[in-house]
$ cat input.txt   # compact mmCIF, N, CA and C atoms
# COMPACT_ATOMS: atom_id res chain seq x y z
N MET A 1 0.84 -1.17 0.00
CA MET A 1 0.00 0.00 0.00
C MET A 1 0.89 1.24 0.00
N ASN A 2 0.65 2.14 -0.92
CA ASN A 2 1.42 3.36 -1.06
C ASN A 2 0.76 4.47 -0.24
N LEU A 3 1.46 4.96 0.78
CA LEU A 3 0.90 6.02 1.63
C LEU A 3 0.92 7.38 0.95
N TRP A 4 1.77 7.54 -0.02
CA TRP A 4 1.89 8.82 -0.71
C TRP A 4 1.35 8.69 -2.12
N ASP A 5 0.45 9.56 -2.47
CA ASP A 5 -0.03 9.67 -3.84
C ASP A 5 0.72 10.86 -4.43
N TRP A 6 1.87 10.61 -5.04
CA TRP A 6 2.75 11.69 -5.45
C TRP A 6 2.12 12.68 -6.42
N PRO A 7 1.37 12.26 -7.43
CA PRO A 7 0.74 13.29 -8.28
C PRO A 7 -0.19 14.21 -7.48
N ALA A 8 -0.94 13.65 -6.55
CA ALA A 8 -1.83 14.48 -5.73
C ALA A 8 -1.02 15.39 -4.81
N PHE A 9 0.09 14.90 -4.30
CA PHE A 9 0.96 15.71 -3.45
C PHE A 9 1.46 16.94 -4.20
N TRP A 10 1.95 16.72 -5.42
CA TRP A 10 2.48 17.85 -6.20
C TRP A 10 1.36 18.80 -6.62
N ASP A 11 0.18 18.27 -6.89
CA ASP A 11 -0.97 19.11 -7.21
C ASP A 11 -1.32 19.99 -6.00
N ASP A 12 -1.35 19.39 -4.81
CA ASP A 12 -1.62 20.16 -3.59
C ASP A 12 -0.55 21.22 -3.36
N CYS A 13 0.71 20.87 -3.61
CA CYS A 13 1.80 21.84 -3.46
C CYS A 13 1.62 23.02 -4.42
N ALA A 14 1.21 22.73 -5.64
CA ALA A 14 0.99 23.80 -6.61
C ALA A 14 -0.14 24.73 -6.16
N ARG A 15 -1.21 24.15 -5.65
CA ARG A 15 -2.35 24.95 -5.20
C ARG A 15 -1.97 25.81 -3.99
N ILE A 16 -1.30 25.20 -3.02
CA ILE A 16 -0.89 25.93 -1.82
C ILE A 16 0.17 26.97 -2.17
N GLY A 17 1.09 26.62 -3.07
CA GLY A 17 2.11 27.56 -3.52
C GLY A 17 1.51 28.76 -4.22
N ALA A 18 0.52 28.52 -5.06
CA ALA A 18 -0.15 29.63 -5.75
C ALA A 18 -0.85 30.53 -4.75
N ALA A 19 -1.50 29.94 -3.76
CA ALA A 19 -2.18 30.73 -2.73
C ALA A 19 -1.16 31.57 -1.96
N ALA A 20 -0.04 30.97 -1.58
CA ALA A 20 0.99 31.69 -0.83
C ALA A 20 1.58 32.83 -1.66
N LEU A 21 1.86 32.56 -2.92
CA LEU A 21 2.45 33.57 -3.80
C LEU A 21 1.50 34.74 -4.01
N LEU A 22 0.24 34.45 -4.33
CA LEU A 22 -0.72 35.52 -4.61
C LEU A 22 -1.10 36.28 -3.35
N GLY A 23 -1.34 35.57 -2.26
CA GLY A 23 -1.63 36.24 -0.99
C GLY A 23 -0.44 37.06 -0.53
N GLY A 24 0.76 36.50 -0.71
CA GLY A 24 1.97 37.21 -0.34
C GLY A 24 2.18 38.47 -1.16
N ALA A 25 1.88 38.41 -2.45
CA ALA A 25 2.01 39.60 -3.29
C ALA A 25 1.08 40.71 -2.81
N LEU A 26 -0.13 40.34 -2.47
CA LEU A 26 -1.08 41.32 -1.95
C LEU A 26 -0.58 41.90 -0.62
N GLY A 27 -0.08 41.04 0.26
CA GLY A 27 0.42 41.49 1.54
C GLY A 27 1.69 42.31 1.43
N LEU A 28 2.55 41.96 0.48
CA LEU A 28 3.80 42.70 0.29
C LEU A 28 3.51 44.14 -0.13
N GLU A 29 2.55 44.31 -1.00
CA GLU A 29 2.17 45.67 -1.43
C GLU A 29 1.69 46.47 -0.23
N ARG A 30 0.92 45.86 0.65
CA ARG A 30 0.42 46.56 1.83
C ARG A 30 1.55 46.86 2.81
N GLU A 31 2.48 45.92 2.92
CA GLU A 31 3.60 46.13 3.84
C GLU A 31 4.50 47.27 3.35
N TRP A 32 4.73 47.35 2.04
CA TRP A 32 5.55 48.43 1.48
C TRP A 32 4.94 49.79 1.78
N LYS A 33 3.61 49.84 1.76
CA LYS A 33 2.92 51.12 2.00
C LYS A 33 2.75 51.42 3.49
N GLY A 34 3.19 50.51 4.37
CA GLY A 34 3.11 50.72 5.80
C GLY A 34 1.73 50.50 6.40
N HIS A 35 0.89 49.73 5.72
CA HIS A 35 -0.46 49.46 6.21
C HIS A 35 -0.47 48.25 7.14
N TRP A 36 -1.56 48.12 7.90
CA TRP A 36 -1.73 46.97 8.77
C TRP A 36 -1.84 45.70 7.93
N ALA A 37 -1.58 44.60 8.56
CA ALA A 37 -1.71 43.27 7.94
C ALA A 37 -0.88 43.19 6.67
N GLY A 38 0.33 42.73 6.82
CA GLY A 38 1.26 42.69 5.70
C GLY A 38 1.42 41.32 5.08
N LEU A 39 2.65 41.05 4.69
CA LEU A 39 3.01 39.85 3.93
C LEU A 39 2.58 38.56 4.63
N ARG A 40 3.01 38.37 5.85
CA ARG A 40 2.73 37.10 6.54
C ARG A 40 1.25 36.88 6.78
N THR A 41 0.55 37.94 7.17
CA THR A 41 -0.89 37.80 7.44
C THR A 41 -1.63 37.37 6.18
N HIS A 42 -1.36 38.03 5.09
CA HIS A 42 -2.07 37.71 3.84
C HIS A 42 -1.69 36.32 3.33
N MET A 43 -0.42 35.95 3.48
CA MET A 43 -0.02 34.60 3.07
C MET A 43 -0.73 33.54 3.91
N MET A 44 -0.77 33.75 5.23
CA MET A 44 -1.41 32.77 6.10
C MET A 44 -2.90 32.64 5.80
N VAL A 45 -3.56 33.74 5.56
CA VAL A 45 -4.99 33.70 5.23
C VAL A 45 -5.20 32.92 3.93
N ALA A 46 -4.41 33.24 2.91
CA ALA A 46 -4.57 32.57 1.61
C ALA A 46 -4.24 31.08 1.71
N ILE A 47 -3.16 30.75 2.39
CA ILE A 47 -2.79 29.33 2.54
C ILE A 47 -3.85 28.58 3.34
N GLY A 48 -4.32 29.18 4.42
CA GLY A 48 -5.35 28.52 5.23
C GLY A 48 -6.61 28.24 4.44
N CYS A 49 -7.03 29.19 3.64
CA CYS A 49 -8.23 28.97 2.82
C CYS A 49 -7.99 27.88 1.79
N ALA A 50 -6.81 27.88 1.17
CA ALA A 50 -6.49 26.83 0.19
C ALA A 50 -6.52 25.45 0.85
N VAL A 51 -5.97 25.35 2.04
CA VAL A 51 -5.95 24.05 2.73
C VAL A 51 -7.36 23.57 3.04
N PHE A 52 -8.22 24.47 3.52
CA PHE A 52 -9.61 24.08 3.79
C PHE A 52 -10.30 23.60 2.52
N VAL A 53 -10.11 24.31 1.43
CA VAL A 53 -10.77 23.93 0.17
C VAL A 53 -10.21 22.61 -0.36
N ILE A 54 -8.89 22.45 -0.33
CA ILE A 54 -8.28 21.20 -0.80
C ILE A 54 -8.78 20.02 0.03
N GLY A 55 -8.84 20.21 1.34
CA GLY A 55 -9.37 19.15 2.21
C GLY A 55 -10.81 18.82 1.88
N GLY A 56 -11.62 19.84 1.65
CA GLY A 56 -13.02 19.61 1.29
C GLY A 56 -13.17 18.89 -0.03
N VAL A 57 -12.38 19.30 -1.01
CA VAL A 57 -12.43 18.65 -2.32
C VAL A 57 -11.97 17.20 -2.21
N ASN A 58 -10.90 16.96 -1.45
CA ASN A 58 -10.39 15.59 -1.30
C ASN A 58 -11.37 14.68 -0.59
N LEU A 59 -12.08 15.20 0.38
CA LEU A 59 -13.03 14.37 1.12
C LEU A 59 -14.36 14.19 0.42
N ALA A 60 -14.83 15.24 -0.23
CA ALA A 60 -16.19 15.21 -0.74
C ALA A 60 -16.29 15.15 -2.26
N GLY A 61 -15.23 15.43 -2.96
CA GLY A 61 -15.30 15.47 -4.41
C GLY A 61 -15.46 16.89 -4.89
N GLU A 62 -15.01 17.11 -6.12
CA GLU A 62 -14.91 18.47 -6.65
C GLU A 62 -16.26 19.17 -6.83
N HIS A 63 -17.29 18.44 -7.17
CA HIS A 63 -18.58 19.05 -7.46
C HIS A 63 -19.60 18.73 -6.37
N SER A 64 -19.15 18.70 -5.16
CA SER A 64 -20.00 18.33 -4.05
C SER A 64 -20.57 19.57 -3.36
N GLU A 65 -21.74 19.39 -2.80
CA GLU A 65 -22.35 20.46 -2.02
C GLU A 65 -21.53 20.77 -0.77
N ALA A 66 -20.79 19.78 -0.30
CA ALA A 66 -19.94 19.98 0.89
C ALA A 66 -18.85 21.01 0.62
N VAL A 67 -18.33 21.05 -0.60
CA VAL A 67 -17.29 22.04 -0.93
C VAL A 67 -17.87 23.44 -0.89
N THR A 68 -19.09 23.60 -1.35
CA THR A 68 -19.71 24.93 -1.27
C THR A 68 -19.93 25.34 0.18
N ARG A 69 -20.20 24.38 1.05
CA ARG A 69 -20.34 24.70 2.48
C ARG A 69 -19.00 25.10 3.08
N VAL A 70 -17.92 24.48 2.64
CA VAL A 70 -16.59 24.87 3.09
C VAL A 70 -16.32 26.32 2.68
N ILE A 71 -16.63 26.66 1.44
CA ILE A 71 -16.42 28.02 0.96
C ILE A 71 -17.29 29.01 1.71
N GLN A 72 -18.53 28.64 2.01
CA GLN A 72 -19.39 29.51 2.81
C GLN A 72 -18.80 29.74 4.20
N GLY A 73 -18.25 28.69 4.79
CA GLY A 73 -17.62 28.81 6.10
C GLY A 73 -16.41 29.73 6.07
N ILE A 74 -15.61 29.62 5.03
CA ILE A 74 -14.46 30.50 4.86
C ILE A 74 -14.92 31.94 4.76
N THR A 75 -15.92 32.17 3.93
CA THR A 75 -16.42 33.53 3.71
C THR A 75 -16.92 34.15 5.00
N ALA A 76 -17.70 33.41 5.76
CA ALA A 76 -18.22 33.93 7.02
C ALA A 76 -17.11 34.11 8.05
N GLY A 77 -16.23 33.15 8.16
CA GLY A 77 -15.16 33.22 9.15
C GLY A 77 -14.18 34.34 8.88
N ILE A 78 -13.85 34.55 7.62
CA ILE A 78 -12.89 35.60 7.29
C ILE A 78 -13.50 36.97 7.51
N GLY A 79 -14.83 37.05 7.43
CA GLY A 79 -15.50 38.32 7.74
C GLY A 79 -15.27 38.73 9.18
N PHE A 80 -15.26 37.76 10.08
CA PHE A 80 -14.99 38.07 11.49
C PHE A 80 -13.55 38.52 11.67
N LEU A 81 -12.62 37.88 10.99
CA LEU A 81 -11.21 38.28 11.09
C LEU A 81 -11.03 39.70 10.56
N GLY A 82 -11.62 39.97 9.42
CA GLY A 82 -11.52 41.31 8.84
C GLY A 82 -12.20 42.36 9.70
N ALA A 83 -13.32 42.00 10.30
CA ALA A 83 -14.04 42.96 11.15
C ALA A 83 -13.20 43.38 12.34
N GLY A 84 -12.32 42.50 12.79
CA GLY A 84 -11.45 42.83 13.91
C GLY A 84 -10.43 43.89 13.58
N THR A 85 -10.21 44.17 12.30
CA THR A 85 -9.24 45.19 11.91
C THR A 85 -9.87 46.57 11.76
N ILE A 86 -11.18 46.66 11.87
CA ILE A 86 -11.87 47.94 11.66
C ILE A 86 -12.02 48.66 12.99
N LEU A 87 -11.58 49.89 13.02
CA LEU A 87 -11.67 50.73 14.22
C LEU A 87 -12.48 51.98 13.92
N LYS A 88 -13.35 52.35 14.84
CA LYS A 88 -14.06 53.62 14.73
C LYS A 88 -13.46 54.55 15.77
N LEU A 89 -12.92 55.66 15.31
CA LEU A 89 -12.31 56.63 16.19
C LEU A 89 -13.34 57.70 16.50
N ASP A 90 -13.87 57.68 17.73
CA ASP A 90 -14.97 58.56 18.11
C ASP A 90 -14.65 60.03 17.99
N GLU A 91 -13.49 60.43 18.46
CA GLU A 91 -13.21 61.86 18.51
C GLU A 91 -13.08 62.50 17.13
N LYS A 92 -12.71 61.74 16.14
CA LYS A 92 -12.54 62.30 14.80
C LYS A 92 -13.66 61.91 13.84
N GLN A 93 -14.60 61.08 14.30
CA GLN A 93 -15.64 60.55 13.42
C GLN A 93 -15.00 59.91 12.18
N GLU A 94 -13.99 59.12 12.44
CA GLU A 94 -13.21 58.50 11.38
C GLU A 94 -13.19 56.98 11.58
N ILE A 95 -13.21 56.26 10.48
CA ILE A 95 -13.14 54.80 10.51
C ILE A 95 -11.86 54.39 9.82
N LYS A 96 -11.08 53.52 10.47
CA LYS A 96 -9.84 53.01 9.90
C LYS A 96 -9.92 51.49 9.80
N GLY A 97 -9.26 50.96 8.82
CA GLY A 97 -9.14 49.52 8.71
C GLY A 97 -10.04 48.87 7.68
N LEU A 98 -10.87 49.64 7.00
CA LEU A 98 -11.76 49.03 6.00
C LEU A 98 -10.98 48.41 4.85
N THR A 99 -9.93 49.10 4.40
CA THR A 99 -9.14 48.55 3.30
C THR A 99 -8.37 47.32 3.76
N THR A 100 -7.91 47.32 5.00
CA THR A 100 -7.24 46.14 5.54
C THR A 100 -8.20 44.96 5.58
N ALA A 101 -9.41 45.20 6.06
CA ALA A 101 -10.41 44.13 6.10
C ALA A 101 -10.71 43.62 4.69
N ALA A 102 -10.81 44.52 3.73
CA ALA A 102 -11.08 44.12 2.35
C ALA A 102 -9.91 43.33 1.77
N SER A 103 -8.68 43.71 2.09
CA SER A 103 -7.53 42.99 1.54
C SER A 103 -7.42 41.59 2.16
N ILE A 104 -7.77 41.44 3.43
CA ILE A 104 -7.79 40.12 4.05
C ILE A 104 -8.87 39.27 3.40
N TRP A 105 -10.02 39.87 3.13
CA TRP A 105 -11.12 39.16 2.46
C TRP A 105 -10.68 38.71 1.07
N LEU A 106 -9.97 39.59 0.35
CA LEU A 106 -9.49 39.24 -0.98
C LEU A 106 -8.43 38.14 -0.91
N ALA A 107 -7.54 38.20 0.08
CA ALA A 107 -6.55 37.13 0.25
C ALA A 107 -7.24 35.78 0.45
N ALA A 108 -8.33 35.79 1.21
CA ALA A 108 -9.11 34.57 1.41
C ALA A 108 -9.70 34.08 0.09
N ALA A 109 -10.20 35.00 -0.70
CA ALA A 109 -10.76 34.62 -2.00
C ALA A 109 -9.67 34.05 -2.92
N LEU A 110 -8.50 34.68 -2.92
CA LEU A 110 -7.39 34.19 -3.74
C LEU A 110 -6.99 32.78 -3.31
N GLY A 111 -6.89 32.56 -2.01
CA GLY A 111 -6.56 31.24 -1.51
C GLY A 111 -7.62 30.21 -1.84
N THR A 112 -8.88 30.62 -1.77
CA THR A 112 -9.98 29.71 -2.07
C THR A 112 -9.94 29.27 -3.52
N VAL A 113 -9.80 30.20 -4.45
CA VAL A 113 -9.79 29.81 -5.87
C VAL A 113 -8.49 29.08 -6.23
N ALA A 114 -7.39 29.40 -5.56
CA ALA A 114 -6.16 28.63 -5.79
C ALA A 114 -6.36 27.20 -5.29
N GLY A 115 -7.03 27.03 -4.16
CA GLY A 115 -7.33 25.70 -3.64
C GLY A 115 -8.21 24.90 -4.58
N LEU A 116 -9.03 25.58 -5.34
CA LEU A 116 -9.89 24.92 -6.34
C LEU A 116 -9.16 24.71 -7.67
N ALA A 117 -7.89 25.12 -7.74
CA ALA A 117 -7.06 25.03 -8.95
C ALA A 117 -7.59 25.92 -10.07
N GLU A 118 -8.26 26.99 -9.71
CA GLU A 118 -8.71 27.98 -10.68
C GLU A 118 -7.62 29.06 -10.78
N PHE A 119 -6.47 28.67 -11.33
CA PHE A 119 -5.29 29.53 -11.32
C PHE A 119 -5.48 30.79 -12.15
N ALA A 120 -6.14 30.68 -13.29
CA ALA A 120 -6.34 31.87 -14.14
C ALA A 120 -7.17 32.91 -13.41
N LEU A 121 -8.23 32.46 -12.76
CA LEU A 121 -9.07 33.39 -11.99
C LEU A 121 -8.28 34.02 -10.84
N ALA A 122 -7.49 33.21 -10.14
CA ALA A 122 -6.70 33.71 -9.01
C ALA A 122 -5.68 34.76 -9.47
N VAL A 123 -4.98 34.48 -10.54
CA VAL A 123 -3.97 35.42 -11.04
C VAL A 123 -4.64 36.69 -11.56
N ALA A 124 -5.73 36.54 -12.29
CA ALA A 124 -6.44 37.71 -12.81
C ALA A 124 -6.92 38.61 -11.68
N ALA A 125 -7.50 38.01 -10.63
CA ALA A 125 -7.98 38.80 -9.51
C ALA A 125 -6.82 39.49 -8.78
N ALA A 126 -5.71 38.79 -8.63
CA ALA A 126 -4.54 39.39 -7.97
C ALA A 126 -3.99 40.54 -8.78
N LEU A 127 -3.92 40.38 -10.10
CA LEU A 127 -3.40 41.45 -10.94
C LEU A 127 -4.30 42.68 -10.92
N VAL A 128 -5.60 42.45 -10.97
CA VAL A 128 -6.54 43.58 -10.95
C VAL A 128 -6.49 44.30 -9.60
N SER A 129 -6.35 43.53 -8.53
CA SER A 129 -6.32 44.17 -7.21
C SER A 129 -5.05 44.97 -7.03

$ encode --input "input.txt" --output "structure tokens"
Amino acid sequence: MNLWDWPAFWDDCARIGAAALLGGALGLEREWKGHWAGLRTHMMVAIGCAVFVIGGVNLAGEHSEAVTRVIQGITAGIGFLGAGTILKLDEKQEIKGLTTAASIWLAAALGTVAGLAEFALAVAAALVS
């Protein structure tokens, strides 16, 4: 019995690598500009989402309703993470962190589509962002 399915291993590495690269590119741009949530945060979000999606696809199959539930869970969960970055400053009537929350949400989306092996969509979305 072969414990390693090498073609699947390399496929998973490509998906996770794409998520890390695209999430990292988004985070690197934010880090250069001195904004909250930089390279490592965006990479971790994208990689985490890719892992959840790959696990869901491996367990349930690519066209399963379970995979859509995994994606729904990612979407809802990442909203809570992003919401934690938003601050309302009472004295100035100013809100900070909306762009950070949006970039974390986008990193999650990039990781999700990379986990689904939708590389063209992931790269296009990263380039446009």

$ residues_around --input "input.txt" --residues "stretch 40-54 of chain A" --least-positions-apart "5" --cutoff "9 Å" --atoms "only C-alpha atoms" --output "PyMOL selection string"
chain A and resi 12+15-28+59+67+70-71+74+78+103-116

$ residues_around --input "input.txt" --residues "A:Ile86" --least-positions-apart "6" --cutoff "6.5 Å" --atoms "only N, CA and C atoms" --output "list of chain:residue names"
A:Lys96, A:Gly97, A:Leu98, A:Ala101

$ select_by_dssp --input "input.txt" --residues "chain A" --states "strand (DSSP E)" --output "list in words"
Leu87, Lys88, Leu89, Glu94, Ile95 and Lys96 of chain A

$ select_by_dssp --input "input.txt" --residues "stretch 21-75 of chain A" --states "helix (DSSP H, G or I)" --output "VMD selection string"
chain A and resid 21 to 32 39 to 60 65 to 75

$ atom_distance --input "input.txt" --atom1 "atom N of A:Leu39" --atom2 "atom C of A:Ala124"
19.1 Å

$ atom_distance --input "input.txt" --atom1 "atom CA of A:Glu65" --atom2 "atom C of A:Val123"
25.8 Å

$ closest_residue --input "input.txt" --among "A:Ala66, A:Asp11, A:Ala83, A:Ala125" --to "A:Ile95" --atoms "only C-alpha atoms"
A:Ala83

$ atom_distance --input "input.txt" --atom1 "atom C of A:Leu87" --atom2 "atom N of A:Gln72"
26.9 Å

$ decode --input "input.txt" --residues "stretch 18-29 of chain A" --atoms "all heavy atoms" --output "short mmCIF file (atom, residue, chain, number, x, y, z; two decimals), in the first residue's frame"
data_model
loop_
_atom_site.label_atom_id
_atom_site.label_comp_id
_atom_site.auth_asym_id
_atom_site.auth_seq_id
_atom_site.Cartn_x
_atom_site.Cartn_y
_atom_site.Cartn_z
N ALA A 18 0.52 28.52 -5.06
CA ALA A 18 -0.15 29.63 -5.75
C ALA A 18 -0.85 30.53 -4.75
O ALA A 18 -0.79 31.76 -4.85
CB ALA A 18 -1.15 29.09 -6.78
N ALA A 19 -1.50 29.94 -3.76
CA ALA A 19 -2.18 30.73 -2.73
C ALA A 19 -1.16 31.57 -1.96
O ALA A 19 -1.39 32.77 -1.73
CB ALA A 19 -2.95 29.81 -1.78
N ALA A 20 -0.04 30.97 -1.58
CA ALA A 20 0.99 31.69 -0.83
C ALA A 20 1.58 32.83 -1.66
O ALA A 20 1.75 33.95 -1.16
CB ALA A 20 2.10 30.73 -0.41
N LEU A 21 1.86 32.56 -2.92
CA LEU A 21 2.45 33.57 -3.80
C LEU A 21 1.50 34.74 -4.01
O LEU A 21 1.89 35.91 -3.89
CB LEU A 21 2.81 32.92 -5.14
CG LEU A 21 3.52 33.81 -6.15
CD1 LEU A 21 4.91 34.17 -5.64
CD2 LEU A 21 3.62 33.10 -7.48
N LEU A 22 0.24 34.45 -4.33
CA LEU A 22 -0.72 35.52 -4.61
C LEU A 22 -1.10 36.28 -3.35
O LEU A 22 -1.18 37.51 -3.36
CB LEU A 22 -1.95 34.95 -5.31
CG LEU A 22 -1.66 34.35 -6.69
CD1 LEU A 22 -2.89 33.63 -7.22
CD2 LEU A 22 -1.19 35.42 -7.66
N GLY A 23 -1.34 35.57 -2.26
CA GLY A 23 -1.63 36.24 -0.99
C GLY A 23 -0.44 37.06 -0.53
O GLY A 23 -0.58 38.17 -0.03
N GLY A 24 0.76 36.50 -0.71
CA GLY A 24 1.97 37.21 -0.34
C GLY A 24 2.18 38.47 -1.16
O GLY A 24 2.63 39.49 -0.64
N ALA A 25 1.88 38.41 -2.45
CA ALA A 25 2.01 39.60 -3.29
C ALA A 25 1.08 40.71 -2.81
O ALA A 25 1.46 41.89 -2.75
CB ALA A 25 1.71 39.25 -4.75
N LEU A 26 -0.13 40.34 -2.47
CA LEU A 26 -1.08 41.32 -1.95
C LEU A 26 -0.58 41.90 -0.62
O LEU A 26 -0.61 43.11 -0.40
CB LEU A 26 -2.44 40.65 -1.76
CG LEU A 26 -3.61 41.50 -1.31
CD1 LEU A 26 -3.89 42.61 -2.31
CD2 LEU A 26 -4.84 40.63 -1.12
N GLY A 27 -0.08 41.04 0.26
CA GLY A 27 0.42 41.49 1.54
C GLY A 27 1.69 42.31 1.43
O GLY A 27 1.91 43.25 2.19
N LEU A 28 2.55 41.96 0.48
CA LEU A 28 3.80 42.70 0.29
C LEU A 28 3.51 44.14 -0.13
O LEU A 28 4.15 45.08 0.37
CB LEU A 28 4.66 42.00 -0.76
CG LEU A 28 6.04 42.57 -1.00
CD1 LEU A 28 6.88 42.50 0.28
CD2 LEU A 28 6.74 41.82 -2.12
N GLU A 29 2.55 44.31 -1.00
CA GLU A 29 2.17 45.67 -1.43
C GLU A 29 1.69 46.47 -0.23
O GLU A 29 2.05 47.63 -0.06
CB GLU A 29 1.09 45.59 -2.51
CG GLU A 29 0.72 46.93 -3.12
CD GLU A 29 -0.37 47.68 -2.36
OE1 GLU A 29 -1.18 47.03 -1.67
OE2 GLU A 29 -0.40 48.92 -2.46
#
